[in-house]
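What follows is one structure encoded as structure tokens, with my remarks underneath.
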Amino acid sequence: MKFLWTPSSHFNLANMFTFVNITAGLLATYFITQNNFTVAIILAWIGGAFDIFDGKIARKYKLSNEFGVQLDSFADFLSFVLVPVFLIFQASYAPSLHGFWLILAAIASIYYVISGLRRLIHFNLHTDAGAVDKYFTGVPTPLGAILLWLVYLLNAYEILPAYGVIVCMLLIGWSLNSTIKVKHP
């Protein structure tokens with residue numbers, strides 16, 4: 001079990017938490033395909049909790065390494081970009097939009113995915129393993145996912161129509177790569 005406490009190990013404790021995040025994201029995707037949105041959302045939140053703890057564990061026990069940085073970004077892409085976009089597409093767009101509006105929703109979804117991916121790649125290129133800045137420039141993908149969950153809820157409770165969801169998705173996607181400063185927790 002020494003590998004759990006070895007910084008160079010791909011299977012150190014911090015990375016194991018990241019693997020749980022990835023597992024939760026994959027399972028959430030499956031449940032979205034089954035239209036079981038409640039279980040998918042619970043799994044996404046579980047993934048989010050493990051995302052918080054993987055970084056804390058990596059810093060506390062000095063387990064940060066380049067592999068972990070890349071792995072964490074992959075997990076973030078799955079859990080905080082793909083899963084919420086897929087959820088909104090399945091739950092909000094597909095049942096109520098058709099023709100031109102569904103194509104526009106697909107374009108907004110692709111825009112959000114590319115924005116999230118760009119943000120994560122940019123972050124990886126400009127960060128050192130174990131380093132934590134006081135502020136993020138642009139909305140981090142976990143916060144973007146939380147904002148999309150709120151948009152999903154507004155749509156699910158019929159407060160925000162699917163057309164409004166498209167606008168919100170575009171705005172949140174833009175914010176991921178904006179110059180907005182967000183305090184690091």
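Convention: chains lettered A, B, ... in structure tokens order; per-chain residue numbering from 1; ligands numbered from 1 as shown.
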
Inset, instruction - May I have the residues within 12 Å of Pro95 in chain A as a ChimeraX atom specification, using only C-alpha atoms and disregarding those fewer than 6 positions away in the same chain? - result: /A:35,87-89,101-102,105,155-156,161-162

Inset, instruction - Please run DSSP on the backbone and report, as a PyMOL selection string, all residues within range 39-133 of chain A that come out as alpha helix (DSSP H). - result: chain A and resi 39-60+66-77+83-88+94-96+100-125

What are the nearest atom pairs, with distances in Å to one decimal, for all residues of range 3-120 of chain A that come at most 8 Å from range 165-184 of chain A, using only C-alpha atoms, set out by chain and rising residue number as JSON lines?
{"residue": "A:Ser92", "atom": "CA", "partner": "A:Val165", "partner_atom": "CA", "distance": 7.9}
{"residue": "A:Leu104", "atom": "CA", "partner": "A:Ile166", "partner_atom": "CA", "distance": 7.9}
{"residue": "A:Ala105", "atom": "CA", "partner": "A:Ile166", "partner_atom": "CA", "distance": 5.9}
{"residue": "A:Ala108", "atom": "CA", "partner": "A:Leu170", "partner_atom": "CA", "distance": 5.9}
{"residue": "A:Ser109", "atom": "CA", "partner": "A:Met169", "partner_atom": "CA", "distance": 7.3}
{"residue": "A:Tyr111", "atom": "CA", "partner": "A:Gly173", "partner_atom": "CA", "distance": 6.9}
{"residue": "A:Tyr112", "atom": "CA", "partner": "A:Gly173", "partner_atom": "CA", "distance": 4.6}
{"residue": "A:Val113", "atom": "CA", "partner": "A:Gly173", "partner_atom": "CA", "distance": 7.9}
{"residue": "A:Ser115", "atom": "CA", "partner": "A:Gly173", "partner_atom": "CA", "distance": 5.7}
{"residue": "A:Gly116", "atom": "CA", "partner": "A:Leu176", "partner_atom": "CA", "distance": 6.6}
{"residue": "A:Arg118", "atom": "CA", "partner": "A:Asn177", "partner_atom": "CA", "distance": 7.8}
{"residue": "A:Arg119", "atom": "CA", "partner": "A:Asn177", "partner_atom": "CA", "distance": 5.9}

Inset, instruction - Return as a list in words the full set of residues in range 51-185 of chain A whose backbone-based DSSP assignment is strand (DSSP E or B). - result: Tyr135, Phe136, Thr137, Lys181, Val182 and Lys183 of chain A

Those residues with all heavy atoms, as a short mmCIF file (atom, residue, chain, number, x, y, z; two decimals), in the first residue's frame please?
data_model
loop_
_atom_site.label_atom_id
_atom_site.label_comp_id
_atom_site.auth_asym_id
_atom_site.auth_seq_id
_atom_site.Cartn_x
_atom_site.Cartn_y
_atom_site.Cartn_z
N TYR A 135 -6.76 33.38 -7.23
CA TYR A 135 -7.93 33.59 -8.07
C TYR A 135 -7.81 32.78 -9.36
O TYR A 135 -6.72 32.58 -9.88
CB TYR A 135 -8.06 35.07 -8.46
CG TYR A 135 -8.43 35.95 -7.31
CD1 TYR A 135 -7.46 36.56 -6.53
CD2 TYR A 135 -9.77 36.18 -6.99
CE1 TYR A 135 -7.79 37.37 -5.46
CE2 TYR A 135 -10.11 36.99 -5.93
CZ TYR A 135 -9.12 37.58 -5.17
OH TYR A 135 -9.47 38.37 -4.10
N PHE A 136 -8.94 32.31 -9.84
CA PHE A 136 -9.03 31.75 -11.18
C PHE A 136 -9.33 32.91 -12.12
O PHE A 136 -10.08 33.82 -11.76
CB PHE A 136 -10.18 30.74 -11.29
CG PHE A 136 -9.99 29.48 -10.50
CD1 PHE A 136 -10.70 29.27 -9.33
CD2 PHE A 136 -9.13 28.49 -10.95
CE1 PHE A 136 -10.56 28.10 -8.61
CE2 PHE A 136 -8.97 27.32 -10.24
CZ PHE A 136 -9.68 27.12 -9.07
N THR A 137 -8.80 32.86 -13.31
CA THR A 137 -9.21 33.80 -14.35
C THR A 137 -10.19 33.04 -15.23
O THR A 137 -9.84 32.03 -15.84
CB THR A 137 -8.01 34.30 -15.18
OG1 THR A 137 -7.11 34.96 -14.29
CG2 THR A 137 -8.45 35.27 -16.26
N LYS A 181 -12.65 37.23 -12.58
CA LYS A 181 -11.82 36.69 -11.49
C LYS A 181 -12.72 35.97 -10.49
O LYS A 181 -13.71 36.54 -10.02
CB LYS A 181 -11.05 37.81 -10.77
CG LYS A 181 -10.06 38.52 -11.66
CD LYS A 181 -8.84 37.67 -11.89
CE LYS A 181 -7.78 38.44 -12.64
NZ LYS A 181 -6.77 37.63 -13.23
N VAL A 182 -12.37 34.74 -10.18
CA VAL A 182 -13.13 33.93 -9.23
C VAL A 182 -12.16 33.48 -8.15
O VAL A 182 -11.15 32.85 -8.44
CB VAL A 182 -13.78 32.71 -9.92
CG1 VAL A 182 -14.52 31.85 -8.91
CG2 VAL A 182 -14.69 33.14 -11.05
N LYS A 183 -12.48 33.81 -6.90
CA LYS A 183 -11.61 33.45 -5.76
C LYS A 183 -11.52 31.94 -5.63
O LYS A 183 -12.51 31.24 -5.68
CB LYS A 183 -12.13 34.08 -4.47
CG LYS A 183 -11.18 33.93 -3.29
CD LYS A 183 -11.60 34.84 -2.17
CE LYS A 183 -10.80 34.69 -0.92
NZ LYS A 183 -9.44 34.31 -0.98
#

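Counting only C-alpha atoms and comparing A:Ala28, A:Leu143, A:Val132, A:Thr6, the residue that lies closest to Ile42 in chain A is A:Ala28.
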
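Of the listed residues A:Leu71, A:Ala44, A:Ile57, A:Ile121, the one whose atoms come nearest to His10 in chain A is A:Leu71, with distances taken using only C-alpha atoms.
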
Legend entry - Residue contacts of Phe80 in chain A (6 Å, only C-alpha atoms) excluding same-chain residues fewer than 4 positions away, as number ranges by chain: A: 76, 141-142, 145

Inset, instruction - Would you please work out which residue, of A:Ile107, A:Val81, A:Leu120, A:Ala24, is nearest to Gly144 in chain A when using only C-alpha atoms? - result: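 Among the listed residues, A:Val81 lies closest to Gly144 in chain A.
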
Inset, instruction - List the neighbours of Val20 in chain A out to 8 Å using only C-alpha atoms; skip same-chain residues closer than 4 positions along the sequence, and give me the result as a list in words. - result: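 Returned residues: Met16, Ala24, Gly47 and Phe50 of chain A.
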
Keeping N, CA and C atoms, export the residues of the selection given above as a CSV table (one decimal), in the first residue's frame.
chain,number,residue,atom,x,y,z
A,16,MET,N,-6.4,8.2,-6.8
A,16,MET,CA,-7.5,7.3,-6.6
A,16,MET,C,-8.8,8.0,-6.4
A,24,ALA,N,-17.7,8.1,-11.3
A,24,ALA,CA,-19.0,8.7,-11.1
A,24,ALA,C,-19.5,9.4,-12.3
A,47,GLY,N,-19.1,12.9,-7.8
A,47,GLY,CA,-17.8,13.1,-8.5
A,47,GLY,C,-17.2,14.5,-8.1
A,50,PHE,N,-15.5,14.2,-4.7
A,50,PHE,CA,-14.2,13.6,-4.9
A,50,PHE,C,-13.2,14.5,-5.5

Inset, instruction - For CA of Ser9 in chain A and CA of Leu117 in chain A, determine how far apart the two atoms are, in Å to one decimal place. - result: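 Answer for the CA of Ser9 in chain A to CA of Leu117 in chain A separation: 25.7 Å.
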
Inset, instruction - Provide the CA of Asp72 in chain A to CA of Thr18 in chain A distance in Å, to one decimal place. - result: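 Calculated distance between CA of Asp72 in chain A and CA of Thr18 in chain A is 6.1 Å.
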
Inset, instruction - Counting only C-alpha atoms, figure out which residue out of A:Asn12, A:Ser96, A:Thr38, A:Thr33 gets nearest to Ser64 in chain A. - result: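 Smallest distance to Ser64 in chain A is found for A:Asn12.
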
Legend entry - Atomic separation - CA of Leu43 in chain A relative to CA of Ala94 in chain A, Å: 21.7 Å

Inset, instruction - Just the residues within 9 Å of Lys62 in chain A, please, counting only C-alpha atoms, with nothing from its chain fewer than 2 positions along; format it as number ranges by chain. - result: A: 5-7, 57-60, 64-65, 130

Suppose we keep N, CA and C atoms; can you now write the selection as a PDB file, in the first residue's frame?
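Result file result-v6.pdb:
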ATOM      1  N   TRP A   5       0.956   6.478  -1.013  1.00  0.00           N
ATOM      2  CA  TRP A   5       1.616   7.635  -0.407  1.00  0.00           C
ATOM      3  C   TRP A   5       2.862   8.072  -1.175  1.00  0.00           C
ATOM      4  N   THR A   6       3.041   7.519  -2.369  1.00  0.00           N
ATOM      5  CA  THR A   6       4.208   7.841  -3.188  1.00  0.00           C
ATOM      6  C   THR A   6       3.822   8.879  -4.235  1.00  0.00           C
ATOM      7  N   PRO A   7       4.419  10.071  -4.187  1.00  0.00           N
ATOM      8  CA  PRO A   7       4.044  11.131  -5.133  1.00  0.00           C
ATOM      9  C   PRO A   7       4.161  10.732  -6.603  1.00  0.00           C
ATOM     10  N   ILE A  57      -6.080  16.397  -0.753  1.00  0.00           N
ATOM     11  CA  ILE A  57      -5.199  15.283  -0.377  1.00  0.00           C
ATOM     12  C   ILE A  57      -3.840  15.442  -1.045  1.00  0.00           C
ATOM     13  N   ALA A  58      -3.848  15.796  -2.331  1.00  0.00           N
ATOM     14  CA  ALA A  58      -2.575  15.954  -3.057  1.00  0.00           C
ATOM     15  C   ALA A  58      -1.700  17.020  -2.404  1.00  0.00           C
ATOM     16  N   ARG A  59      -2.315  18.128  -2.003  1.00  0.00           N
ATOM     17  CA  ARG A  59      -1.530  19.199  -1.380  1.00  0.00           C
ATOM     18  C   ARG A  59      -1.103  18.823   0.038  1.00  0.00           C
ATOM     19  N   LYS A  60      -2.011  18.270   0.827  1.00  0.00           N
ATOM     20  CA  LYS A  60      -1.705  17.958   2.227  1.00  0.00           C
ATOM     21  C   LYS A  60      -0.588  16.917   2.346  1.00  0.00           C
ATOM     22  N   SER A  64       1.154  15.692  -5.287  1.00  0.00           N
ATOM     23  CA  SER A  64       0.941  16.299  -6.605  1.00  0.00           C
ATOM     24  C   SER A  64       2.031  15.870  -7.579  1.00  0.00           C
ATOM     25  N   ASN A  65       1.598  15.571  -8.794  1.00  0.00           N
ATOM     26  CA  ASN A  65       2.538  15.286  -9.881  1.00  0.00           C
ATOM     27  C   ASN A  65       1.865  15.637 -11.204  1.00  0.00           C
ATOM     28  N   GLY A 130       0.739  21.096  -7.853  1.00  0.00           N
ATOM     29  CA  GLY A 130       0.757  21.502  -6.450  1.00  0.00           C
ATOM     30  C   GLY A 130       0.567  22.986  -6.227  1.00  0.00           C
TER      31      GLY A 130
END

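Distance annotation: of A:Asn21, A:Asn124, A:Gln70, A:Gln90, the residue with the minimal separation from Ile52 in chain A is A:Asn21; atom set is only C-alpha atoms.
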